[in-house]
Amino acid sequence: MSDNVLYKAVNINKYYLAKKRGILESLAREPPIYVRALDNVSVEIRRGEVLGVVGESGSGKTTLGKVLATLEKPTSGNLFFMGMEVNGHNVNHVRKHIHMVFQNPMTSINPRMKVKDIVKEAMKEKREERIKKVLEEVGLDYNYVKDKYPRELSGGQTQRVAIARALAKEPDFLILDEPTSALDASVQAQILNLLVDLQKERKLTYLFITHNIAVARYISDRVIIMYAGKIVEEGNTKEVISEPMHPYTQSLLSSVPELGKKELKPPSGEVPSLINPPSGCRFNPRCPFAMPICKEKEPPLVEINGRKVACWLYETNWKKASS
Amino acid sequence: MLKALIRDKAGLLGLIIVSLFLLWSLIQGILEILSSYLRKQYLGYILLPHNPYQYNLQLAFHPPSSTFLLGTNAEGEDIFSRILYALPRDAFVAIVVVFSAIIIGGILGILAGYLGGIIDEILMRVTDAFLSLPALILVIAITVPLKATFLATILGLAIVWWPTYARFYRAQTLRIKNMDYISAAKLSGVSRISLFYRYIFLNSVDPVLAYAALDFGNVILTYSTLAFLGIGITPPIPELGEMAANGVTGLPQYWWWALFPGLTILIIVIGFVLLGDRLQDVVAGRIAY
Amino acid sequence: MVLLQIRNLNVYYNTIISWIKVLSDVNLDVEKGEIVGVVGESGSGKSTLGHAISRILPPNARIQGDIIIDGVNLAKLKDNELQKYRGTWVFMIFQNPLNSLNPVKKVGHQLLEAVKIRYQRDGKKVEEESLMKDVIEVLKDLRLPDPYSIIDRYPHQLSGGQVQRIVISMALLLKPKLLITDEPTSALDVTIQAQVVNLFKQLNKEINTSIIFITHDISLAYVVSDRIVVMYAGRIMEDGKVEEVLKSPMHPYTQGLVASIPTGDKNQKLTAIPSNPPSFFALPTGCKFSNRCSKVFDVCRKKEPSIIEKNGRKIRCWLYE
């Protein structure tokens, strides 16, 4: 494995029980029903890059974030962090290098703790100058915020505290799950600028999960598009967004409102069920280019000129990927 | 928060009643303890208009007057003094029972909610069992075999009281368990104990305390009912419920005998209900986001 | 032809601490069949404006001013007088689809109720069967799958997008003169949002309903609206044709909002507006945007500008007076 790869996920499946299964259900031999949140997902995250993960609800992007953050154990598959396989024994060691920023700053910070304690708790060496430094790094006035509770701060300020907490233990890898979606537009721009600066200064690697294409295009170097628990496209951000190959990516992009574009051309139909996904390619009921094979077999993720696509339209003439 | 409490007139009334009750119970209670500890009986009575044990059959069945504000009972004892003497005991029972319920219920409820699985199932079935039976009957069933003493009554009440709180804490824990700040704490490497205390317990406590304020009234009501039935009393120490029971025999002629102890119970319970109700509104507003 | 005229609208809330003024000096005209986008961040008052027009503000609110639809001043009417205007004159669609429907009644029943109201108000009496036919027609028109089985479902059995489509069907059946939509797609996925937005356009074309489209997403407002109104701290800051306002914004706040949209890649820093939207308990003196404005000068901090008209655009800014 190349030295460039920070984190590698191989054939990750994550299934959740759809209904709670207690003693009574086991006795009655009711078969368990699973929600297939992640299905055979493999991804490589390169050191120093910003990898965007784009998808709608049910795409599995949040679950992928949680699995990579070691907050959820995959049902099957392997994770390799800095070359080392992640398992029950070394999870705590791996967690020293990873942290996460969540969508809603009001629920991602303990409402009963003061700002300085929130940051202090995440630190290894709990010294005041270090707490002061990281809070100032995220653009907060230390003396103003240190004794405040989250409810006394605005959304933007609270999110900055969450970012400071994430940086407190000097991680190598940050997972950001929709970090700006709950903020006002003017504040969103401030936070994006901050995240870009922090990444450059601290040489961090980001996994940036979002449903907002404009934000993904702005901040990510590479992007993966997820649909119904699978990766459908992966590649350099500029290329994927200007020349999308997968029909889902194309219809996703044409659904996004943009200044200058008066028409939206969304795909028909609904996001599929993750309990009973459509057979074959999961996008086939909504795909304008669906062929008979699409309903029968799931297309593999193939690599074409640096782009990965999972679509039968591209499978026939090109060689398979070796991942 | 105090300001928000006071703003509502009913809440303010509740606060006044409860404060007076607790303040009096504290002072009188300390005096009673000192009096038995130092063997100086009068200490227990110095703040009272009359010695509650002072009986004088010639003064029996006196209606309310300037000397005996609330009248006298069959033994000529001053009812007002007896009521004042009995109050600390009720406060003591309420505080001990509710606090032990908060602690026991808290530990069990949070563990069940957080760990889930078999532990959770067992706890749920146990609380189901306790909650499906009428509390009063259950307390009687526990206390009477233990000779129905004062301490046995407190024990009985405590045993029956914790399931509701366990349910409360479990529900709060389930709500909090999936919050992002728990995930963030795990990533930050926060210890299990700190997680349980700082993150789960402190964030579940608000609604529990608000309910507890109301619940003090419930305990006092139940305890008075038990005393009415003769359980938990240590004669000749006066007990509000027991006084009411005896007073019933004097109805309707000697109406003051049963009425005033009963009225006292009523006022105290209403005080707690008003306060607790208002507290719940205030707390609900606080944890709205 | 003008449908809605709002004149000198002020809205006050009685809070625990004191009375606060959440809408100030709002003047707005909406033509028949026009779609007006109302854009703003949190605390802008856009949602309050929508609630004020539909007269569903909470009991601790007070309205001052006029809200005139087709000659009827809704602001001056009492609740029971308003009843005959609700639904067929003004209809509102909310952000959380499940808030718009009764969770214990089947969806078909609720749609039937809506079409009955329409016929009643028109003074016609029709058989229930033919009313049901109308409902099915509308469901087919909005391309809801399997209309006959959908009408037997309860709201919680449908997805968010489907529920919003049911609510839009209700609007199609009620045929309101004015439809107010308060962040109707914020809770929906991007692709579903696009579908629903197209349905609004369809609704507007088919029954010529005027729409007030409240949103925090400027790009979305661009797609859907003919005209756009930018609100900040309970005031209208800019009002004009959507192409003109967003291509060449005049107000510094509008300019800031447009510049905040991420474009290009991270090598081009976004020009962010500093600080945060203000709280109504602590509004700055003078122009309410003065503490964040890059073009601020002295008079901005002292006196609040009033709305003036310039080149067909309404604007509240000292730069233009």
# chains A, B, ... in the order shown; residues from 1 in each chain; ligands from 1
>>> residues_around(residues="Gly306 in chain A", least_positions_apart="6", cutoff="9 Å", atoms="only C-alpha atoms", output="ChimeraX atom specification")
/A:234-236
>>> write_last_selection(atoms="C-alpha atoms", output="PDB file, in the first residue's frame")
ATOM      1  CA  GLU A 234     -15.406   8.944  -7.664  1.00  0.00           C
ATOM      2  CA  GLY A 235     -12.831  11.322  -9.059  1.00  0.00           C
ATOM      3  CA  ASN A 236     -11.279  14.748  -9.204  1.00  0.00           C
TER       4      ASN A 236
END
>>> residues_around(residues="range 144-161 of chain C", least_positions_apart="4", cutoff="12 Å", atoms="only C-alpha atoms", output="PyMOL selection string")
(chain A and resi 57+268-273) or (chain C and resi 94-112+132-140+165-169+184-197+199)
>>> atom_distance(atom1="CA of Leu187 in chain B", atom2="CA of Arg170 in chain B")
23.4 Å
>>> atom_distance(atom1="CA of Leu48 in chain B", atom2="CA of Trp256 in chain B")
18.7 Å
>>> residues_around(residues="Ile213 in chain A", least_positions_apart="6", cutoff="8 Å", atoms="only C-alpha atoms", output="count of residues only")
3
>>> decode(residues="range 24-171 of chain C", atoms="C-alpha atoms", output="compact mmCIF listing (two decimals), in the first residue's frame")
# COMPACT_ATOMS: atom_id res chain seq x y z
CA SER C 24 -40.77 47.09 10.73
CA ASP C 25 -42.24 49.21 8.01
CA VAL C 26 -42.97 46.41 5.56
CA ASN C 27 -44.50 47.50 2.29
CA LEU C 28 -44.99 44.91 -0.39
CA ASP C 29 -47.04 44.46 -3.54
CA VAL C 30 -47.69 41.15 -5.22
CA GLU C 31 -49.29 40.93 -8.65
CA LYS C 32 -51.73 38.26 -9.72
CA GLY C 33 -49.80 35.22 -10.84
CA GLU C 34 -46.46 36.60 -9.66
CA ILE C 35 -43.96 34.54 -7.70
CA VAL C 36 -42.10 36.62 -5.14
CA GLY C 37 -39.12 35.11 -3.35
CA VAL C 38 -38.54 36.36 0.19
CA VAL C 39 -34.96 35.74 1.17
CA GLY C 40 -33.20 36.18 4.51
CA GLU C 41 -31.19 34.52 7.21
CA SER C 42 -32.35 33.58 10.68
CA GLY C 43 -33.96 36.49 12.47
CA SER C 44 -34.73 38.29 9.24
CA GLY C 45 -38.45 38.15 9.90
CA LYS C 46 -39.29 36.35 6.68
CA SER C 47 -41.17 33.57 8.43
CA THR C 48 -43.02 36.10 10.61
CA LEU C 49 -44.07 37.92 7.45
CA GLY C 50 -45.57 34.74 6.03
CA HIS C 51 -47.40 34.02 9.28
CA ALA C 52 -48.63 37.59 9.50
CA ILE C 53 -50.17 37.53 6.03
CA SER C 54 -51.97 34.24 6.74
CA ARG C 55 -52.96 35.64 10.12
CA ILE C 56 -51.60 32.68 12.04
CA LEU C 57 -49.28 34.53 14.37
CA PRO C 58 -49.18 33.28 17.98
CA PRO C 59 -51.45 34.93 20.56
CA ASN C 60 -48.66 37.08 21.97
CA ALA C 61 -48.22 38.90 18.65
CA ARG C 62 -49.68 42.24 17.61
CA ILE C 63 -50.12 43.49 14.04
CA GLN C 64 -50.17 47.09 12.91
CA GLY C 65 -50.81 48.09 9.32
CA ASP C 66 -52.76 46.80 6.35
CA ILE C 67 -52.77 43.51 4.50
CA ILE C 68 -55.13 43.93 1.57
CA ILE C 69 -56.01 41.10 -0.78
CA ASP C 70 -58.41 41.96 -3.59
CA GLY C 71 -59.78 44.86 -1.62
CA VAL C 72 -60.24 42.98 1.67
CA ASN C 73 -58.05 44.14 4.54
CA LEU C 74 -57.18 40.89 6.35
CA ALA C 75 -55.26 42.68 9.09
CA LYS C 76 -58.42 44.31 10.38
CA LEU C 77 -60.55 41.18 10.52
CA LYS C 78 -61.21 39.07 13.59
CA ASP C 79 -60.62 35.33 13.64
CA ASN C 80 -64.19 34.28 12.91
CA GLU C 81 -64.43 36.77 10.06
CA LEU C 82 -61.21 35.42 8.60
CA GLN C 83 -62.59 31.90 8.35
CA LYS C 84 -64.13 32.36 4.93
CA TYR C 85 -60.87 33.60 3.47
CA ARG C 86 -58.67 30.81 4.72
CA GLY C 87 -57.77 28.19 2.16
CA THR C 88 -59.40 29.72 -0.87
CA TRP C 89 -57.92 33.20 -0.63
CA VAL C 90 -54.74 32.49 1.33
CA PHE C 91 -53.15 29.09 1.80
CA MET C 92 -49.87 28.26 3.52
CA ILE C 93 -47.39 25.43 3.11
CA PHE C 94 -44.86 24.80 5.88
CA GLN C 95 -41.34 23.49 6.11
CA ASN C 96 -42.06 20.29 7.95
CA PRO C 97 -44.48 18.44 5.70
CA LEU C 98 -45.93 16.55 8.62
CA ASN C 99 -47.01 19.83 10.23
CA SER C 100 -49.37 20.55 7.39
CA LEU C 101 -51.46 17.43 7.59
CA ASN C 102 -53.63 15.92 10.30
CA PRO C 103 -51.77 12.78 11.41
CA VAL C 104 -54.91 10.88 12.41
CA LYS C 105 -56.90 11.32 9.21
CA LYS C 106 -56.27 9.57 5.94
CA VAL C 107 -54.73 11.68 3.24
CA GLY C 108 -57.70 11.17 0.91
CA HIS C 109 -60.11 12.43 3.54
CA GLN C 110 -58.11 15.62 3.98
CA LEU C 111 -57.96 16.26 0.24
CA LEU C 112 -61.69 15.68 0.04
CA GLU C 113 -62.20 18.26 2.76
CA ALA C 114 -60.18 20.74 0.77
CA VAL C 115 -62.15 20.30 -2.43
CA LYS C 116 -65.44 20.48 -0.52
CA ILE C 117 -64.39 23.85 0.91
CA ARG C 118 -63.63 25.11 -2.57
CA TYR C 119 -67.03 24.12 -3.89
CA GLN C 120 -68.85 25.48 -0.86
CA ARG C 121 -67.18 28.86 -1.21
CA ASP C 122 -68.08 28.91 -4.88
CA GLY C 123 -71.65 28.20 -3.88
CA LYS C 124 -71.88 24.93 -5.78
CA LYS C 125 -73.17 21.66 -4.40
CA VAL C 126 -71.60 18.55 -5.84
CA GLU C 127 -71.82 14.82 -5.14
CA GLU C 128 -69.04 13.28 -3.07
CA GLU C 129 -68.17 10.86 -5.87
CA SER C 130 -67.41 13.55 -8.34
CA LEU C 131 -65.42 15.37 -5.67
CA MET C 132 -63.33 12.24 -5.29
CA LYS C 133 -62.78 12.24 -9.04
CA ASP C 134 -61.37 15.77 -8.75
CA VAL C 135 -58.97 14.58 -6.05
CA ILE C 136 -57.72 11.67 -8.15
CA GLU C 137 -57.29 13.95 -11.18
CA VAL C 138 -55.10 16.32 -9.23
CA LEU C 139 -53.00 13.48 -7.81
CA LYS C 140 -52.45 12.16 -11.31
CA ASP C 141 -51.63 15.65 -12.54
CA LEU C 142 -48.86 15.96 -9.95
CA ARG C 143 -47.63 12.53 -10.98
CA LEU C 144 -48.10 10.87 -7.62
CA PRO C 145 -47.72 7.13 -8.07
CA ASP C 146 -50.78 4.97 -7.49
CA PRO C 147 -53.32 7.66 -6.50
CA TYR C 148 -56.00 5.16 -5.53
CA SER C 149 -53.84 3.59 -2.84
CA ILE C 150 -52.29 6.86 -1.66
CA ILE C 151 -55.65 8.27 -0.64
CA ASP C 152 -56.00 5.43 1.86
CA ARG C 153 -52.70 6.18 3.56
CA TYR C 154 -51.93 8.19 6.64
CA PRO C 155 -49.34 10.99 6.46
CA HIS C 156 -46.73 9.11 8.47
CA GLN C 157 -46.76 6.29 5.93
CA LEU C 158 -45.52 8.60 3.19
CA SER C 159 -42.10 10.09 2.59
CA GLY C 160 -41.43 13.79 3.13
CA GLY C 161 -41.48 14.51 -0.58
CA GLN C 162 -44.76 12.67 -1.06
CA VAL C 163 -46.38 14.56 1.80
CA GLN C 164 -45.30 17.89 0.34
CA ARG C 165 -46.82 16.79 -2.94
CA ILE C 166 -50.08 15.98 -1.15
CA VAL C 167 -50.07 19.44 0.35
CA ILE C 168 -49.48 20.94 -3.08
CA SER C 169 -52.39 18.86 -4.37
CA MET C 170 -54.45 20.43 -1.64
CA ALA C 171 -53.42 23.80 -2.97
